[in-house]
Structures are given as C-alpha cells and as structure tokens.
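Dumped start_0.cif below, it's mmCIF, C-alpha atoms:
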```
data_run
loop_
_atom_site.label_atom_id
_atom_site.label_comp_id
_atom_site.auth_asym_id
_atom_site.auth_seq_id
_atom_site.Cartn_x
_atom_site.Cartn_y
_atom_site.Cartn_z
CA MET W 1 88.67 148.01 148.80
CA GLU W 2 89.35 151.56 147.69
CA ASN W 3 93.12 151.80 148.06
CA SER W 4 96.33 149.84 148.48
CA CYS W 5 95.83 149.58 152.25
CA GLY W 6 92.56 147.80 151.58
CA LEU W 7 94.34 145.47 149.20
CA SER W 8 97.07 144.78 151.79
CA ASN W 9 94.38 143.88 154.31
CA LEU W 10 92.61 141.64 151.81
CA LEU W 11 95.76 139.69 150.95
CA PHE W 12 96.89 139.36 154.57
CA LEU W 13 95.96 135.93 155.95
CA LYS W 14 95.41 134.82 159.53
CA ARG W 15 97.84 132.03 160.41
CA LEU W 16 96.22 129.01 162.08
CA ASP W 17 99.37 126.86 162.25
CA ALA W 18 102.72 126.57 160.44
CA PHE W 19 101.12 125.64 157.10
CA THR W 20 97.44 126.65 157.41
CA PHE W 21 95.98 130.12 156.84
CA ILE W 22 92.55 131.68 156.46
CA GLY W 23 91.48 134.75 154.49
CA LYS W 24 88.53 136.98 153.65
CA ASN W 25 87.00 137.92 150.29
CA TYR W 26 86.46 141.03 148.22
CA LYS W 27 82.69 141.39 147.75
CA THR W 28 82.28 141.29 143.98
CA PHE W 29 78.94 142.13 142.41
CA TRP W 30 79.04 138.91 140.38
CA LYS W 31 79.00 136.98 143.71
CA ARG W 32 82.08 134.85 142.96
CA VAL W 33 85.59 135.21 144.30
CA TYR W 34 87.80 137.28 141.99
CA GLY W 35 90.49 134.99 140.57
CA GLY W 36 93.32 137.45 141.17
CA GLN W 37 92.40 137.51 144.85
CA VAL W 38 92.69 133.78 145.51
CA LEU W 39 95.85 133.65 143.37
CA ALA W 40 97.54 136.44 145.34
CA GLN W 41 96.36 135.09 148.70
CA SER W 42 97.72 131.63 147.83
CA LEU W 43 101.06 133.21 146.97
CA HIS W 44 100.97 135.10 150.27
CA ALA W 45 100.43 131.82 152.14
CA ALA W 46 103.37 130.20 150.35
CA ASN W 47 105.55 133.25 151.04
CA GLN W 48 105.05 132.76 154.78
CA THR W 49 106.66 129.31 154.65
CA VAL W 50 109.97 130.14 152.95
CA THR W 51 112.96 132.03 154.35
CA ASN W 52 113.32 135.75 153.71
CA ASP W 53 116.11 135.28 151.13
CA ARG W 54 113.87 133.27 148.74
CA TYR W 55 111.53 134.92 146.24
CA VAL W 56 108.94 133.46 143.88
CA HIS W 57 110.16 133.11 140.30
CA SER W 58 107.26 131.09 138.88
CA LEU W 59 103.76 129.99 139.79
CA HIS W 60 101.07 127.84 138.18
CA GLY W 61 97.48 127.81 139.37
CA TYR W 62 94.25 125.97 138.49
CA PHE W 63 90.80 127.36 139.26
CA ILE W 64 88.72 124.33 140.21
CA LEU W 65 85.43 125.74 141.56
CA ALA W 66 83.88 129.19 141.70
CA GLY W 67 84.55 130.68 145.14
CA ASP W 68 81.72 131.87 147.41
CA ILE W 69 82.37 135.46 148.55
CA GLU W 70 80.41 134.86 151.78
CA VAL W 71 82.66 131.99 152.95
CA PRO W 72 86.23 132.47 154.26
CA ILE W 73 88.92 130.60 152.33
CA GLU W 74 91.30 128.19 154.06
CA PHE W 75 94.76 127.83 152.55
CA LYS W 76 96.85 124.72 153.21
CA VAL W 77 100.52 124.82 152.19
CA GLU W 78 102.58 121.72 151.40
CA ASN W 79 106.35 121.86 151.61
CA LEU W 80 107.44 119.86 148.56
CA ARG W 81 111.14 120.76 148.64
CA ASP W 82 113.71 122.94 150.37
CA GLY W 83 116.95 123.00 148.38
CA LYS W 84 120.15 125.04 148.48
CA SER W 85 118.89 127.45 145.82
CA PHE W 86 115.21 126.59 145.21
CA ASN W 87 112.11 125.89 147.29
CA THR W 88 108.84 124.42 146.03
CA ARG W 89 105.41 124.80 147.61
CA ARG W 90 101.88 123.66 146.79
CA VAL W 91 98.92 125.61 148.15
CA THR W 92 95.33 124.36 148.08
CA ALA W 93 92.49 126.79 148.78
CA TYR W 94 89.38 125.27 150.38
CA GLN W 95 85.79 126.32 150.99
CA LYS W 96 83.23 124.06 152.67
CA GLY W 97 85.75 121.22 152.62
CA LYS W 98 86.23 121.36 148.83
CA ALA W 99 89.27 122.56 146.90
CA ILE W 100 88.48 125.66 144.81
CA PHE W 101 92.04 126.51 143.69
CA VAL W 102 95.47 124.92 143.71
CA LEU W 103 98.80 126.69 143.28
CA SER W 104 102.32 125.39 142.69
CA ALA W 105 105.10 127.92 143.23
CA SER W 106 108.87 127.84 143.02
CA PHE W 107 111.18 130.16 144.95
CA GLN W 108 114.85 130.98 144.39
CA ILE W 109 117.67 132.89 146.02
CA ASP W 110 118.97 135.92 144.12
CA GLU W 111 121.64 134.85 141.65
CA LEU W 112 123.72 136.67 139.01
CA GLY W 113 124.01 135.37 135.45
CA LEU W 114 123.24 136.09 131.80
CA ASN W 115 120.93 139.01 131.10
CA GLN W 116 118.78 139.70 128.01
CA TYR W 117 115.17 140.63 127.26
CA GLU W 118 112.87 141.91 124.53
CA LYS W 119 112.25 145.63 124.81
CA SER W 120 108.90 147.10 125.72
CA PRO W 121 106.42 147.64 122.83
CA ALA W 122 105.03 150.80 124.46
CA LYS W 123 103.83 153.38 121.94
CA LYS W 124 102.55 156.05 124.34
CA THR W 125 103.37 157.40 127.79
CA PRO W 126 100.80 156.88 130.56
CA GLU W 127 100.63 160.54 131.61
CA HIS W 128 98.79 161.40 128.37
CA LEU W 129 96.31 158.51 128.47
CA ILE W 130 92.77 158.36 129.86
CA PRO W 131 91.92 155.97 132.75
CA ASP W 132 90.04 152.90 131.57
CA SER W 133 87.08 153.66 133.88
CA GLU W 134 86.40 156.81 131.83
CA LEU W 135 86.78 154.94 128.54
CA LEU W 136 84.42 152.19 129.69
CA ASN W 137 81.75 154.66 130.75
CA LYS W 138 81.55 156.10 127.24
CA THR W 139 82.13 153.02 125.05
CA LYS W 140 79.27 151.55 123.05
CA VAL W 141 81.24 148.49 121.91
CA ILE W 142 81.66 146.52 125.15
CA PRO W 143 78.44 144.66 126.16
CA GLU W 144 76.78 146.12 129.26
CA GLN W 145 77.30 143.05 131.44
CA ILE W 146 81.04 142.94 130.74
CA LYS W 147 81.26 146.72 131.14
CA LYS W 148 79.58 146.41 134.54
CA TYR W 149 82.03 143.64 135.46
CA LEU W 150 85.04 145.80 134.57
CA LEU W 151 83.71 148.96 136.21
CA SER W 152 82.88 147.08 139.42
CA ARG W 153 86.56 147.03 140.24
CA HIS W 154 86.58 150.85 140.45
CA PRO W 155 87.37 152.42 142.84
CA PHE W 156 90.28 150.04 142.89
CA ALA W 157 93.78 149.91 144.32
CA PHE W 158 95.25 150.15 140.81
CA GLU W 159 94.78 152.65 138.03
CA PHE W 160 94.75 151.32 134.45
CA ARG W 161 95.32 153.42 131.32
CA PRO W 162 94.93 151.65 127.95
CA GLU W 163 96.91 152.86 124.94
CA ILE W 164 93.96 152.01 122.66
CA ASP W 165 90.39 153.20 123.17
CA TYR W 166 87.82 150.42 123.58
CA ASP W 167 85.93 151.84 120.59
CA LYS W 168 88.90 151.32 118.27
CA SER W 169 88.70 148.10 116.25
CA ILE W 170 91.07 145.42 117.56
CA ASP W 171 91.47 142.08 115.81
CA TYR W 172 92.81 138.93 117.38
CA LYS W 173 96.27 139.60 115.94
CA SER W 174 96.53 142.91 117.79
CA THR W 175 98.46 143.57 120.95
CA ARG W 176 96.67 145.54 123.67
CA ASN W 177 98.89 147.68 125.89
CA ILE W 178 97.69 148.96 129.25
CA TRP W 179 99.73 151.03 131.70
CA PHE W 180 98.96 150.49 135.39
CA LYS W 181 100.20 151.36 138.88
CA LEU W 182 98.93 151.73 142.43
CA LYS W 183 96.69 154.76 142.85
CA HIS W 184 98.32 155.66 146.15
CA GLU W 185 102.01 155.16 146.81
CA THR W 186 102.50 152.44 149.42
CA LYS W 187 105.59 151.03 151.07
CA LEU W 188 105.68 147.33 150.20
CA THR W 189 108.05 144.46 150.87
CA ARG W 190 109.45 142.62 147.87
CA ASN W 191 107.09 139.70 148.51
CA GLN W 192 104.13 142.09 148.66
CA GLN W 193 105.18 143.50 145.29
CA TYR W 194 104.83 140.01 143.81
CA GLU W 195 101.47 139.45 145.52
CA PHE W 196 100.07 142.80 144.34
CA LEU W 197 101.18 142.09 140.77
CA ALA W 198 99.57 138.63 140.86
CA TYR W 199 96.33 140.31 141.96
CA ALA W 200 96.46 142.95 139.23
CA VAL W 201 97.30 140.87 136.16
CA ASP W 202 94.06 138.86 136.30
CA TYR W 203 92.33 142.17 135.57
CA ASP W 204 91.89 142.20 131.81
CA LEU W 205 93.49 139.20 130.10
CA LEU W 206 90.32 137.16 129.44
CA ILE W 207 88.25 140.14 128.30
CA MET W 208 91.08 141.16 125.98
CA SER W 209 90.95 137.68 124.45
CA VAL W 210 87.34 138.08 123.29
CA ILE W 211 87.16 141.85 122.79
CA SER W 212 87.73 141.72 119.02
CA HIS W 213 84.45 139.85 118.51
CA PHE W 214 82.45 142.75 119.92
CA HIS W 215 83.58 144.95 117.02
CA ASN W 216 82.09 142.39 114.62
CA LYS W 217 78.68 142.99 116.20
CA TYR W 218 78.93 139.65 117.97
CA TYR W 219 76.10 140.17 120.43
CA HIS W 220 75.73 136.70 121.90
CA PRO W 221 76.57 136.77 125.63
CA ILE W 222 79.92 135.15 126.42
CA GLN W 223 80.58 133.44 129.73
CA THR W 224 84.17 134.00 130.86
CA ALA W 225 85.99 132.46 133.81
CA SER W 226 89.62 131.73 134.65
CA LEU W 227 90.68 128.11 134.21
CA ASP W 228 94.41 128.27 134.83
CA HIS W 229 97.05 130.91 135.32
CA ALA W 230 100.85 130.94 135.14
CA MET W 231 103.37 133.67 135.94
CA TRP W 232 107.12 134.04 135.73
CA PHE W 233 108.91 136.82 137.60
CA HIS W 234 112.12 137.92 135.89
CA ARG W 235 113.28 141.13 137.59
CA LYS W 236 112.51 143.39 140.52
CA PHE W 237 109.80 146.01 139.95
CA ASP W 238 107.75 148.57 141.84
CA VAL W 239 103.95 148.66 141.48
CA ASN W 240 104.04 152.25 142.78
CA GLY W 241 105.47 153.26 139.39
CA TRP W 242 103.97 152.80 135.95
CA LEU W 243 104.20 149.29 134.48
CA LEU W 244 103.11 148.28 130.99
CA TYR W 245 100.90 145.21 130.55
CA SER W 246 101.18 144.08 126.93
CA MET W 247 98.56 141.44 126.08
CA LYS W 248 97.68 139.25 123.14
CA SER W 249 95.33 136.31 122.50
CA PRO W 250 96.92 133.77 120.14
CA ASN W 251 94.02 131.29 120.23
CA ILE W 252 90.31 130.78 120.94
CA SER W 253 88.84 127.29 120.45
CA GLY W 254 86.83 124.66 122.29
CA SER W 255 85.07 127.39 124.33
CA ARG W 256 88.48 128.33 125.77
CA CYS W 257 90.58 131.42 125.14
CA LEU W 258 94.32 131.79 125.68
CA GLY W 259 95.88 135.07 126.72
CA THR W 260 99.56 135.95 126.99
CA GLY W 261 100.89 139.00 128.75
CA TYR W 262 104.24 140.68 129.27
CA ILE W 263 104.86 143.25 132.01
CA TYR W 264 107.54 145.91 131.50
CA ASP W 265 108.85 148.64 133.79
CA ARG W 266 109.16 152.28 132.77
CA ASP W 267 112.73 151.65 131.56
CA GLY W 268 111.43 149.03 129.10
CA GLN W 269 112.76 145.98 130.96
CA LEU W 270 110.67 142.81 130.99
CA VAL W 271 109.82 142.12 134.64
CA ALA W 272 107.19 139.36 134.40
CA THR W 273 105.35 137.08 131.96
CA VAL W 274 101.75 135.85 132.26
CA VAL W 275 99.85 133.09 130.46
CA GLN W 276 96.19 132.40 131.20
CA GLU W 277 93.54 130.14 129.76
CA GLY W 278 89.91 130.89 130.41
CA LEU W 279 86.41 129.85 129.53
CA SER W 280 84.88 131.71 126.57
CA ARG W 281 81.55 129.92 126.25
CA ILE W 282 78.83 131.29 123.96
CA LEU W 283 75.46 131.62 125.71
CA LYS W 284 72.42 131.51 123.44
#
```
Would you encode the structure as structure tokens?
Amino acid sequence: MENSCGLSNLLFLKRLDAFTFIGKNYKTFWKRVYGGQVLAQSLHAANQTVTNDRYVHSLHGYFILAGDIEVPIEFKVENLRDGKSFNTRRVTAYQKGKAIFVLSASFQIDELGLNQYEKSPAKKTPEHLIPDSELLNKTKVIPEQIKKYLLSRHPFAFEFRPEIDYDKSIDYKSTRNIWFKLKHETKLTRNQQYEFLAYAVDYDLLIMSVISHFHNKYYHPIQTASLDHAMWFHRKFDVNGWLLYSMKSPNISGSRCLGTGYIYDRDGQLVATVVQEGLSRILK
C-alpha cells in the first residue's frame, strides 16, 4: 500500500448483502491486522447503510482479538436506529467465526448551531519539518523493535512530520504534535475523508503514550496493542492538506496506557478528537 489509491482499495469492501461486507488486509510485518485498518473498514461498512445526507459524528470501537492478516474479515452491520436527525449502527468484524472488533457509530444530518473551539497548539509549520521516517532512521532512543514497527508503515499513504525530534526528551506531561497529510493528492468523498482519518489516527497514539520511558533508559520490552478507540468528528476537513495531530498521555496504570488526541486543520480549527486506551505490558 504505497499511496492513497492503495488505501482506497484496502478500505473498499465487497458487499455480500444489504448489511454484510468482506474485506482484505494490509500485510503487516508483525503478522496482525493493523487496528486503524479494521476501524476504518468498519466505518466504511456502516457508511454504506445510511443515506448520503448523514455523516458520522462519533464512533466507539473495541479490539477483541488480534486479527490474522491471512484471513479476510467479514463485517456485519446492525441497524439500531434511523431517526429524523440521527442514525445509529453497530458493526462486528469476524474472522473464523469469532468477533475480533466491534464498532458503534452515530450519524447526523448537517445542522447549524453554536460554534466554538480551542485553537491549535501548533508551534511550527510542516514545510520546515523533517518526515518521521528520516527521524526514526537516525534515532538511538526508540527501541529497535518499536522503530521497525513504525518504519514498516513507510512507504505509506500518509506523510507524518513531528514538531519534536524523537531524540528530544519528552515527559508524560508533554504534548506531542505531528503534522500529517496524504502523500499524493486524491479526490475523496466526504465519507472517505472520515475513513482515511480513522485509519491514520491509530498511527502513533500508543507509542506516544510510552515514549517518555525510553528517555529514562527504560530498556524492558513493552507490549503494546489497541484495546479501545473513540473518535468525534466536529468539522469538515481535507486529508489532502496538512492537519495537526496533537497528542498527550494523561495516564499509564494497570498495564494500560491512555492517549488523547486533537486534530486541527491548517486554519487552527479543531476538526476531530481521539481517545484511545491500549495495552502497555512490561515484558521481562
């Protein structure tokens, strides 16, 4: 998957009936389905069952089992409600007859109302930043296994440019800002914009949650995996243009880490919010 066309093909699902779809997998080196993939594909399945004037405003997903990259995923959509303004869907992703992921999503018609938001915390412009693939290749702070995991997604449909070098000390109180956009401009529907963003935001949130420990010479291997994921979509955006992903980890405990993220457009408007909890288990 070297460009946005490859990502479009990955997220496109074959329709078996009105509420059943099947999809393929990105072949990750770690041999498990990438969480952002199954999240975005589940959203794509739900999008096919609502009318064209309804758009996702929130989603909540739980990762139940690690997905097998060699087995196609079947997506079953349940129509929980069709209202005058809102629609609700539940999507369950299956492999070998077992649920590996479940998504609840709510859709709404466009409505006008109050408008306010916190401004973007961006400190630098993306044009003067170095792509994260270059930073990862030279860093001596990130453990090799995690570095390999991050680099395996390059070449990738998106380009990411962190404001802070990986070698700079970052404590748990710090906010990590990363600019990102599609590498190649692609004409996308509004629903595809949401699906592409859902795919992209699983990129770095868990690693960001544990990254500060590497600067403390914390060399024990750490097992990370997504447990649950929530997103809220506030405003229209375009993944062809630079977006800022501002991330923070307010808590790590019980072998779980919590990451929060805010996505802003180039004008500084908040376009989406992300919250994710993941496994952060120490392996000795």
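Closest approach to Ser120 (chain W) among W:Asn240, W:Asn251, W:Asn177, W:Thr28: W:Asn177, based on all atoms listed in the file.
CA of Arg32 (chain W) is positioned 23.7 Å from CA of Arg15 (chain W).
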If you count all atoms listed in the file, which residues fall within 7 Å of region 93-98 of chain W, apart from same-chain ones fewer than 3 positions away, as a PDB file with C-alpha atoms, keeping the file's coordinate frame?
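Saved the output as out.pdb:
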```
ATOM      1  CA  VAL W  71      82.660 131.990 152.950  1.00  0.00           C
ATOM      2  CA  PRO W  72      86.230 132.470 154.260  1.00  0.00           C
ATOM      3  CA  ILE W  73      88.920 130.600 152.330  1.00  0.00           C
ATOM      4  CA  GLU W  74      91.300 128.190 154.060  1.00  0.00           C
ATOM      5  CA  PHE W  75      94.760 127.830 152.550  1.00  0.00           C
ATOM      6  CA  LYS W  76      96.850 124.720 153.210  1.00  0.00           C
ATOM      7  CA  PHE W 101      92.040 126.510 143.690  1.00  0.00           C
ATOM      8  CA  VAL W 102      95.470 124.920 143.710  1.00  0.00           C
TER       9      VAL W 102
END
```
Sorted by chain and rising residue number, list the residues of region 34-81 of chain W at most 10 Å from region 264-278 of chain W (counting all atoms listed in the file), each with its closest atom pair and distance in Å to one decimal, as a tab-separated table.
```
residue	atom	partner	partner_atom	distance
W:His57	CA	W:Ala272	CA	9.1
W:Ser58	CA	W:Thr273	CA	9.3
W:Leu59	CA	W:Val274	CA	9.8
W:His60	CA	W:Val275	CA	9.4
W:Gly61	CA	W:Gln276	CA	9.5
W:Tyr62	CA	W:Glu277	CA	9.7
W:Phe63	CA	W:Gly278	CA	9.6
```
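Residues in contact with Arg161 (chain W) at 9 Å, where only C-alpha atoms are counted and same-chain residues fewer than 3 positions away are skipped, are listed as Pro126, Glu127, Leu129, Ile130, Pro131, Asp132, Ser133, Ile164, Asn177, Ile178, Trp179 and Phe180 of chain W.
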Restrict the selected residues to C-alpha atoms and save them as a PDB file, in the frame of the given file.
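File out-v4.pdb, as written:
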```pdb
ATOM      1  CA  PRO W 126     100.800 156.880 130.560  1.00  0.00           C
ATOM      2  CA  GLU W 127     100.630 160.540 131.610  1.00  0.00           C
ATOM      3  CA  LEU W 129      96.310 158.510 128.470  1.00  0.00           C
ATOM      4  CA  ILE W 130      92.770 158.360 129.860  1.00  0.00           C
ATOM      5  CA  PRO W 131      91.920 155.970 132.750  1.00  0.00           C
ATOM      6  CA  ASP W 132      90.040 152.900 131.570  1.00  0.00           C
ATOM      7  CA  SER W 133      87.080 153.660 133.880  1.00  0.00           C
ATOM      8  CA  ILE W 164      93.960 152.010 122.660  1.00  0.00           C
ATOM      9  CA  ASN W 177      98.890 147.680 125.890  1.00  0.00           C
ATOM     10  CA  ILE W 178      97.690 148.960 129.250  1.00  0.00           C
ATOM     11  CA  TRP W 179      99.730 151.030 131.700  1.00  0.00           C
ATOM     12  CA  PHE W 180      98.960 150.490 135.390  1.00  0.00           C
TER      13      PHE W 180
END
```
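Taking all atoms listed in the file into account, Leu10 (chain W) lies nearest to W:Tyr199 out of the set W:Gln48, W:Arg176, W:Ile109, W:Tyr199.
In this model, the gap between CA of Ile282 (chain W) and CA of Leu258 (chain W) comes to 15.6 Å.
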Is it possible to get the residues within 12 Å of (95.1, 146.2, 150.3) (coordinates as in the file, counting all atoms listed in the file) written as a PyMOL selection string? chain W and resi 1-13+24-26+37+40-41+156-158+182-188+192-193+195-196+199-200
Name every residue that the PyMOL selection byres ((chain W and resi 90) around 7) selects in this structure, writing the answer as a list in words with chains first and numbers rising. Val77, Glu78, Asn79, Leu80, Arg89, Val91, Thr92, Leu103, Ser104 and Ala105 of chain W
In Å, with one decimal, what is the gap from CA of Trp30 (chain W) to CA of His229 (chain W)? 20.3 Å
Exercise: Leu206 (chain W) partners within 10 Å, all atoms listed in the file, chain neighbours under 5 positions left out, as a PyMOL selection string: chain W and resi 211+224-226+247-249+256-260+276-280
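Residues surrounding Ser106 (chain W) within 6 Å are Val56, Ser58, Asn87 and Thr88 of chain W [only C-alpha atoms; sequence separation below 3 positions excluded].
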I need the chosen residues saved as a short mmCIF file (atom, residue, chain, number, x, y, z; two decimals), in the coordinates of the input, with C-alpha atoms.
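Here's the written file result04.cif:
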```cif
data_model
loop_
_atom_site.label_atom_id
_atom_site.label_comp_id
_atom_site.auth_asym_id
_atom_site.auth_seq_id
_atom_site.Cartn_x
_atom_site.Cartn_y
_atom_site.Cartn_z
CA VAL W 56 108.94 133.46 143.88
CA SER W 58 107.26 131.09 138.88
CA ASN W 87 112.11 125.89 147.29
CA THR W 88 108.84 124.42 146.03
#
```
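Only residues having an atom at most 6 Å from (114.4, 128.8, 141.1) are included; using all atoms listed in the file, these are Phe86, Ser106, Phe107 and Gln108 of chain W.
When all atoms listed in the file are used to compute distances to Ile252 (chain W), the closest of the residues W:Leu227, W:Gln145, W:Arg281, W:Lys119 turns out to be W:Arg281.
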Expected selection from the PyMOL selection byres ((chain W and resi 148) around 12), given as JSON, numbers by chain: {"W": [28, 29, 30, 133, 136, 137, 139, 142, 143, 144, 145, 146, 147, 149, 150, 151, 152, 153, 154]}
